[in-house]
Amino acid sequence: MKNKYSKTFLDGVIFNNPTFMLVLGTCPTLAMTAKTMDAFGMGISVLFVLTFSNIIISSLRKVIPNSVRIPAFIVVIATLVTILKLFLNKYIPDLYGSMGTFLPLIVVNCIILGRAEAFASKNTVMMSAVDGIANGIGFTLALVVLGSVREILGAGAWFGLKLWDFTIPFFSQPAGAFVVYGLAIALFVYIMDTVQRSIRIKKTKEISKQNLLGEVA
Amino acid sequence: MFASIMAIIVSAALSNNFVFSQTYGICPFLGVSKKTSSALGMGAAVTVVMAVATMITYPIYLLLNALEIRFLEILVFIFIIAALVQMIEKIIKKFSPSLYKAMGIYLPLITTNCAVLAVCEITSNALASGTWEPAVIAGVEMNFGFAVLYAIFAGAGFTLAMVIMSGMRERINNLNLPKALQGFPITMVTAALIAMAFYVFSMIKVGA
């Protein structure tokens, strides 16, 4: 039982990472990573909306008729985003200002609708909550990594703290976002492939060893 | 008047291009840009939906503002877009089956295309604050005609981006690339090179 939860969690954070493996929710990823703080704020916002939309949708999964499920999901998500927008406007106006139009655009973030459709509408409330948190953390981590690279290279700072005067303004531009994101996906896929291949080689070696031992015996 | 129109056209289509400088609508840009014909179909469908959505959300926004329920904006807009996409699909199916065959598969995808919601948000924000968001056209006045013009040319800019990208991707597919770079990564890096070219357009100053 516990194993199932940890598998769902690891799937969301690493093996099916929404940003690097599935390449979903690309618009906020490219637009919000010029500063690490904005990237972190965007990640946490999506984590909040994703977790609660997964919980609400999975608890209503037997009530929502199949033919109108997409509009029903969108209503739930849009309501949560409206709550988030009002909250940020009142308590964190800095983040509200820097997110601009990308705050209402969380409604059409494919990660949230994708998890609702693929996971929350078929699984229990607890599992969906774990899935929502895992995918939210995976998205936040990815955004913070991309934001760190872009802010350190593009502005010589990290989380707003000045590190040095050397800057490459290219990385603060949208073009820099495309380059960093593309190369990050390539690196992530390469690392995952290498790790999986080494695990497979280890396994085949063990099996052949056992076979050899069997033959000797 | 003429200067304002030119400012909006240049800003929406080139200097504040939706894909390359504002990064809206990246999902269809990456997903449907494998062939030039499908890129054109998707671009045309998005442009139509954007123009009609702006025509509808503009008066609706004024109504919400008059009733002082502006916070319902997101819910109302996304519903209008979803209903609109369904309606356009039905109308095209009824009147032009050949166009439906060409465009039909892209239409359901448009509901979750952030470019459409973005253009509605940009016009509603411009209405609320009295000035346009992209600095290039900040001096241009805000009215219904200009809002629709902005939507149409933002769609045209999106179509332009899709068509350029699809042309390059058709050639990239024939290259021999390392496995990790295949697919999305090389597409992103190519998009970055085009975005650098589009960055030059942001130097254009068209004052109204």
# chains A, B, ... in the order shown; residues from 1 in each chain; ligands from 1

call {"tool": "interface_residues", "arguments": {"of": "chain A", "to": "chain B", "cutoff": "7 Å", "atoms": "only C-alpha atoms", "output": "list in words"}}
result
Thr26, Cys27, Leu30, Ala31, Val75, Ala78, Thr79, Thr82, Thr101, Pro104, Leu105, Val108, Pro174, Ala175, Gly176, Phe178, Val179, Gly182, Leu183, Ile185, Ala186, Val189 and Tyr190 of chain A

call {"tool": "write_last_selection", "arguments": {"atoms": "N, CA and C atoms", "output": "JSON list (two decimals), in the first residue's frame"}}
result
[["chain", "number", "residue", "atom", "x", "y", "z"],
["A", 26, "THR", "N", 4.29, 24.55, -20.95],
["A", 26, "THR", "CA", 5.51, 25.19, -21.43],
["A", 26, "THR", "C", 5.44, 26.72, -21.38],
["A", 27, "CYS", "N", 4.23, 27.30, -21.55],
["A", 27, "CYS", "CA", 4.14, 28.76, -21.62],
["A", 27, "CYS", "C", 4.64, 29.42, -20.33],
["A", 30, "LEU", "N", 8.49, 29.01, -19.87],
["A", 30, "LEU", "CA", 9.35, 29.91, -20.63],
["A", 30, "LEU", "C", 9.24, 31.35, -20.14],
["A", 31, "ALA", "N", 8.03, 31.76, -19.75],
["A", 31, "ALA", "CA", 7.82, 33.18, -19.45],
["A", 31, "ALA", "C", 8.24, 33.56, -18.05],
["A", 75, "VAL", "N", -14.40, 24.35, -14.73],
["A", 75, "VAL", "CA", -15.04, 25.19, -13.72],
["A", 75, "VAL", "C", -14.28, 25.09, -12.40],
["A", 78, "ALA", "N", -10.90, 26.88, -12.78],
["A", 78, "ALA", "CA", -11.04, 28.34, -12.88],
["A", 78, "ALA", "C", -11.42, 28.95, -11.54],
["A", 79, "THR", "N", -12.26, 28.25, -10.77],
["A", 79, "THR", "CA", -12.63, 28.75, -9.44],
["A", 79, "THR", "C", -11.41, 28.83, -8.54],
["A", 82, "THR", "N", -9.26, 31.70, -9.50],
["A", 82, "THR", "CA", -9.84, 32.96, -9.04],
["A", 82, "THR", "C", -9.53, 33.20, -7.57],
["A", 101, "THR", "N", -0.34, 38.53, -16.77],
["A", 101, "THR", "CA", -1.36, 37.71, -17.42],
["A", 101, "THR", "C", -1.16, 36.22, -17.20],
["A", 104, "PRO", "N", -3.92, 34.39, -14.55],
["A", 104, "PRO", "CA", -5.16, 33.79, -15.07],
["A", 104, "PRO", "C", -4.90, 32.63, -16.02],
["A", 105, "LEU", "N", -3.72, 32.64, -16.68],
["A", 105, "LEU", "CA", -3.45, 31.58, -17.66],
["A", 105, "LEU", "C", -3.16, 30.23, -17.00],
["A", 108, "VAL", "N", -5.52, 27.42, -18.13],
["A", 108, "VAL", "CA", -5.32, 26.61, -19.33],
["A", 108, "VAL", "C", -3.97, 25.90, -19.31],
["A", 174, "PRO", "N", 13.44, 36.13, -24.06],
["A", 174, "PRO", "CA", 12.69, 34.91, -24.38],
["A", 174, "PRO", "C", 13.55, 33.90, -25.15],
["A", 175, "ALA", "N", 14.46, 34.39, -26.03],
["A", 175, "ALA", "CA", 15.31, 33.48, -26.79],
["A", 175, "ALA", "C", 16.16, 32.63, -25.86],
["A", 176, "GLY", "N", 16.69, 33.25, -24.80],
["A", 176, "GLY", "CA", 17.48, 32.51, -23.82],
["A", 176, "GLY", "C", 16.65, 31.44, -23.13],
["A", 178, "PHE", "N", 14.18, 29.74, -24.45],
["A", 178, "PHE", "CA", 14.06, 28.59, -25.35],
["A", 178, "PHE", "C", 15.32, 27.73, -25.30],
["A", 179, "VAL", "N", 16.50, 28.37, -25.36],
["A", 179, "VAL", "CA", 17.77, 27.62, -25.38],
["A", 179, "VAL", "C", 17.93, 26.82, -24.09],
["A", 182, "GLY", "N", 15.37, 23.96, -23.82],
["A", 182, "GLY", "CA", 15.66, 22.87, -24.76],
["A", 182, "GLY", "C", 16.84, 22.04, -24.31],
["A", 183, "LEU", "N", 17.94, 22.70, -23.91],
["A", 183, "LEU", "CA", 19.12, 21.96, -23.49],
["A", 183, "LEU", "C", 18.87, 21.22, -22.18],
["A", 185, "ILE", "N", 16.02, 19.88, -21.23],
["A", 185, "ILE", "CA", 15.29, 18.64, -21.55],
["A", 185, "ILE", "C", 16.27, 17.59, -22.06],
["A", 186, "ALA", "N", 17.16, 18.02, -22.98],
["A", 186, "ALA", "CA", 18.12, 17.08, -23.56],
["A", 186, "ALA", "C", 18.98, 16.45, -22.47],
["A", 189, "VAL", "N", 16.88, 13.99, -20.28],
["A", 189, "VAL", "CA", 16.62, 12.73, -21.01],
["A", 189, "VAL", "C", 17.89, 11.89, -21.06],
["A", 190, "TYR", "N", 19.03, 12.54, -21.31],
["A", 190, "TYR", "CA", 20.31, 11.83, -21.39],
["A", 190, "TYR", "C", 20.64, 11.15, -20.05]]

call {"tool": "residues_around", "arguments": {"residues": "Ser58 of chain A", "least_positions_apart": "4", "cutoff": "7 Å", "atoms": "only C-alpha atoms", "output": "number ranges by chain"}}
result
A: 54, 120-121, 123-125, 128

call {"tool": "write_last_selection", "arguments": {"atoms": "N, CA, C and O atoms", "output": "tab-separated table (two decimals), in the first residue's frame"}}
result
chain	number	residue	atom	x	y	z
A	54	ASN	N	-7.09	18.29	-8.05
A	54	ASN	CA	-7.06	16.83	-8.03
A	54	ASN	C	-7.96	16.29	-6.92
A	54	ASN	O	-8.71	15.33	-7.14
A	120	ALA	N	-6.87	12.03	-11.75
A	120	ALA	CA	-7.83	12.29	-10.67
A	120	ALA	C	-9.21	11.72	-10.97
A	120	ALA	O	-9.93	11.33	-10.06
A	121	SER	N	-9.58	11.65	-12.28
A	121	SER	CA	-10.92	11.15	-12.60
A	121	SER	C	-11.01	9.64	-12.51
A	121	SER	O	-12.07	9.06	-12.73
A	123	ASN	N	-8.84	7.77	-9.95
A	123	ASN	CA	-8.22	7.25	-8.73
A	123	ASN	C	-8.84	7.82	-7.47
A	123	ASN	O	-9.62	8.77	-7.52
A	124	THR	N	-8.46	7.22	-6.31
A	124	THR	CA	-9.03	7.64	-5.03
A	124	THR	C	-8.53	9.03	-4.64
A	124	THR	O	-7.57	9.53	-5.23
A	125	VAL	N	-9.20	9.63	-3.65
A	125	VAL	CA	-8.88	10.99	-3.25
A	125	VAL	C	-7.44	11.08	-2.73
A	125	VAL	O	-6.69	11.99	-3.10
A	128	SER	N	-4.93	10.78	-5.54
A	128	SER	CA	-4.94	11.99	-6.38
A	128	SER	C	-4.24	13.14	-5.68
A	128	SER	O	-3.54	13.92	-6.34

call {"tool": "closest_residue", "arguments": {"among": "A:Val180, A:Met32, A:Val107, A:Asn89", "to": "Pro71 of chain A", "atoms": "only C-alpha atoms"}}
result
A:Val107

call {"tool": "closest_residue", "arguments": {"among": "B:Pro28, B:Val148, B:Ala12, B:Lys34", "to": "Asn173 of chain B", "atoms": "only C-alpha atoms"}}
result
B:Lys34

call {"tool": "residues_around", "arguments": {"residues": "Met203 of chain B", "least_positions_apart": "4", "cutoff": "12 Å", "atoms": "only C-alpha atoms", "output": "list in words"}}
result
Val10, Ser11, Leu14, Ser15, Asn16, Ala135, Val136, Ala197, Phe198 and Tyr199 of chain B

call {"tool": "write_last_selection", "arguments": {"atoms": "N, CA and C atoms", "output": "CSV table (one decimal), in the first residue's frame"}}
result
chain,number,residue,atom,x,y,z
B,10,VAL,N,2.0,46.2,-36.3
B,10,VAL,CA,3.4,45.9,-36.1
B,10,VAL,C,3.7,45.3,-34.8
B,11,SER,N,3.1,45.9,-33.7
B,11,SER,CA,3.3,45.4,-32.4
B,11,SER,C,2.7,44.0,-32.2
B,14,LEU,N,4.6,41.4,-35.0
B,14,LEU,CA,6.1,41.3,-35.1
B,14,LEU,C,6.8,41.6,-33.8
B,15,SER,N,6.7,42.8,-33.3
B,15,SER,CA,7.6,43.2,-32.2
B,15,SER,C,7.2,42.6,-30.9
B,16,ASN,N,5.9,42.3,-30.7
B,16,ASN,CA,5.4,41.6,-29.5
B,16,ASN,C,4.8,40.3,-29.9
B,135,ALA,N,4.5,47.8,-24.2
B,135,ALA,CA,4.9,49.3,-24.1
B,135,ALA,C,4.9,50.0,-25.5
B,136,VAL,N,5.1,49.2,-26.6
B,136,VAL,CA,5.2,49.8,-27.9
B,136,VAL,C,3.9,50.5,-28.3
B,197,ALA,N,16.0,36.4,-33.9
B,197,ALA,CA,15.7,37.2,-35.1
B,197,ALA,C,14.5,38.1,-34.8
B,198,PHE,N,13.5,37.6,-34.1
B,198,PHE,CA,12.3,38.4,-33.8
B,198,PHE,C,12.6,39.5,-32.8
B,199,TYR,N,13.7,39.3,-32.0
B,199,TYR,CA,14.1,40.3,-31.0
B,199,TYR,C,14.4,41.6,-31.7

call {"tool": "residues_around", "arguments": {"residues": "Ser148 of chain A", "least_positions_apart": "3", "cutoff": "9 Å", "atoms": "only C-alpha atoms", "output": "list in words"}}
result
Thr33, Ala34, Lys35, Thr36, Ala39, Leu143, Val144, Val145, Glu151, Ile152, Leu153, Ala157, Trp158 and Phe159 of chain A

call {"tool": "residues_around", "arguments": {"residues": "Gly167 of chain B", "least_positions_apart": "6", "cutoff": "9 Å", "atoms": "only C-alpha atoms", "output": "list in words"}}
result
Ser33, Lys34, Lys35 and Thr36 of chain B

call {"tool": "write_last_selection", "arguments": {"atoms": "C-alpha atoms", "output": "PDB file, in the first residue's frame"}}
result
ATOM      1  CA  SER B  33       4.167  22.408 -36.249  1.00  0.00           C
ATOM      2  CA  LYS B  34       5.409  19.193 -37.856  1.00  0.00           C
ATOM      3  CA  LYS B  35       3.856  19.936 -41.268  1.00  0.00           C
ATOM      4  CA  THR B  36       3.309  23.286 -42.986  1.00  0.00           C
TER       5      THR B  36
END

call {"tool": "residues_around", "arguments": {"residues": "segment 87-93 of chain B", "least_positions_apart": "6", "cutoff": "12 Å", "atoms": "only C-alpha atoms", "output": "PyMOL selection string"}}
result
chain B and resi 45-46+48-50+52-53+80-81+99-111

call {"tool": "closest_residue", "arguments": {"among": "B:Thr123, B:Thr57, B:Ser38, B:Asn65", "to": "Tyr150 of chain B", "atoms": "only C-alpha atoms"}}
result
B:Thr123

call {"tool": "select_by_dssp", "arguments": {"residues": "segment 118-193 of chain B", "states": "alpha helix (DSSP H)", "output": "PyMOL selection string"}}
result
chain B and resi 118-129+144-172+184-193

call {"tool": "write_last_selection", "arguments": {"atoms": "C-alpha atoms", "output": "tab-separated table (two decimals), in the first residue's frame"}}
result
chain	number	residue	atom	x	y	z
B	118	ALA	CA	-4.25	35.69	-23.14
B	119	VAL	CA	-5.65	37.99	-25.83
B	120	CYS	CA	-8.92	38.34	-23.87
B	121	GLU	CA	-6.96	39.11	-20.69
B	122	ILE	CA	-4.75	41.66	-22.48
B	123	THR	CA	-7.77	43.53	-23.86
B	124	SER	CA	-9.61	43.44	-20.53
B	125	ASN	CA	-6.51	44.66	-18.67
B	126	ALA	CA	-6.08	47.43	-21.26
B	127	LEU	CA	-9.72	48.40	-20.69
B	128	ALA	CA	-9.27	48.42	-16.92
B	129	SER	CA	-6.10	50.50	-16.89
B	144	PHE	CA	-13.63	47.95	-29.72
B	145	GLY	CA	-12.19	48.24	-33.24
B	146	PHE	CA	-8.59	48.38	-32.02
B	147	ALA	CA	-9.15	45.43	-29.67
B	148	VAL	CA	-10.42	43.24	-32.53
B	149	LEU	CA	-7.61	44.45	-34.81
B	150	TYR	CA	-5.07	43.52	-32.11
B	151	ALA	CA	-6.61	40.05	-31.77
B	152	ILE	CA	-6.57	39.43	-35.54
B	153	PHE	CA	-2.93	40.47	-35.93
B	154	ALA	CA	-1.83	38.62	-32.80
B	155	GLY	CA	-3.35	35.56	-34.48
B	156	ALA	CA	-1.53	36.43	-37.70
B	157	GLY	CA	1.74	36.63	-35.75
B	158	PHE	CA	1.01	33.22	-34.21
B	159	THR	CA	0.33	31.77	-37.68
B	160	LEU	CA	3.56	33.30	-38.99
B	161	ALA	CA	5.52	31.70	-36.15
B	162	MET	CA	3.87	28.30	-36.76
B	163	VAL	CA	4.58	28.39	-40.50
B	164	ILE	CA	8.25	29.41	-40.10
B	165	MET	CA	8.76	26.69	-37.49
B	166	SER	CA	7.04	23.97	-39.55
B	167	GLY	CA	9.24	24.77	-42.53
B	168	MET	CA	12.36	24.34	-40.43
B	169	ARG	CA	11.10	21.20	-38.71
B	170	GLU	CA	10.49	19.47	-42.01
B	171	ARG	CA	14.22	19.83	-42.66
B	172	ILE	CA	15.31	19.02	-39.11
B	184	PHE	CA	11.45	18.73	-28.36
B	185	PRO	CA	15.01	19.83	-27.41
B	186	ILE	CA	16.19	20.56	-30.96
B	187	THR	CA	12.85	22.25	-31.71
B	188	MET	CA	13.33	24.54	-28.69
B	189	VAL	CA	16.86	25.47	-29.73
B	190	THR	CA	15.66	26.22	-33.27
B	191	ALA	CA	12.84	28.33	-31.84
B	192	ALA	CA	15.44	30.24	-29.80
B	193	LEU	CA	17.33	31.14	-32.99

call {"tool": "atom_distance", "arguments": {"atom1": "atom CA of Gly41 of chain A", "atom2": "atom CA of Ser98 of chain A"}}
result
9.8 Å
